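Worksheet: one structure, shown below.
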Amino acid sequence: MDQPAPTADDIRRQMQITRLRVRAEVHEVVDGARQLADWRFYPRQFPWLTLGAAACVGFAAMPRRREQVEMVMPDVKALEAFARQHKLVIEPGESKARKAGVMGALLATAGSALFRVGVAYAGRELTRRFNTCEFEAAGERSP
């Protein structure tokens, strides 16, 4: 049996349906491409894979561990023997650290305390001035 030939209205209707389908598919493709380009898509869809990739990148970015040399603390007899063997002369003297003494420690403590007081004062002053500017900008009087 022969089907009747489609009329012009039937062809127009089919073309309209085809255009609507193509438009919908294009929108789906665009939305899918947007979703794939969004970096947040991958952690949501593949949280464990993303975590593993981040761990690998972090491990690769870490610097290599240096070899640690074991500290050897020689005893006094070994040092004396070494000095005699190599004919070293060691003259006793005061170290620079000892010369600073108590007065240096007091000055360092006082300087540190003064620095902390200065930083605290500057912070309070900046906060006060910032709050004053904020009140004036809002049309209110400063406290």
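Letters A, B, ... go to the chains of the structure tokens in the order shown; residues in each chain start at 1; ligands are counted from 1 in the same order.
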Alpha helix (DSSP H) call set, DSSP backbone run, chain A, as number ranges by chain: A: 8-37, 41-45, 47-61, 76-85, 96-137
Computed gap from atom CA of Val26 of chain A to atom CA of Pro47 of chain A is 28.8 Å
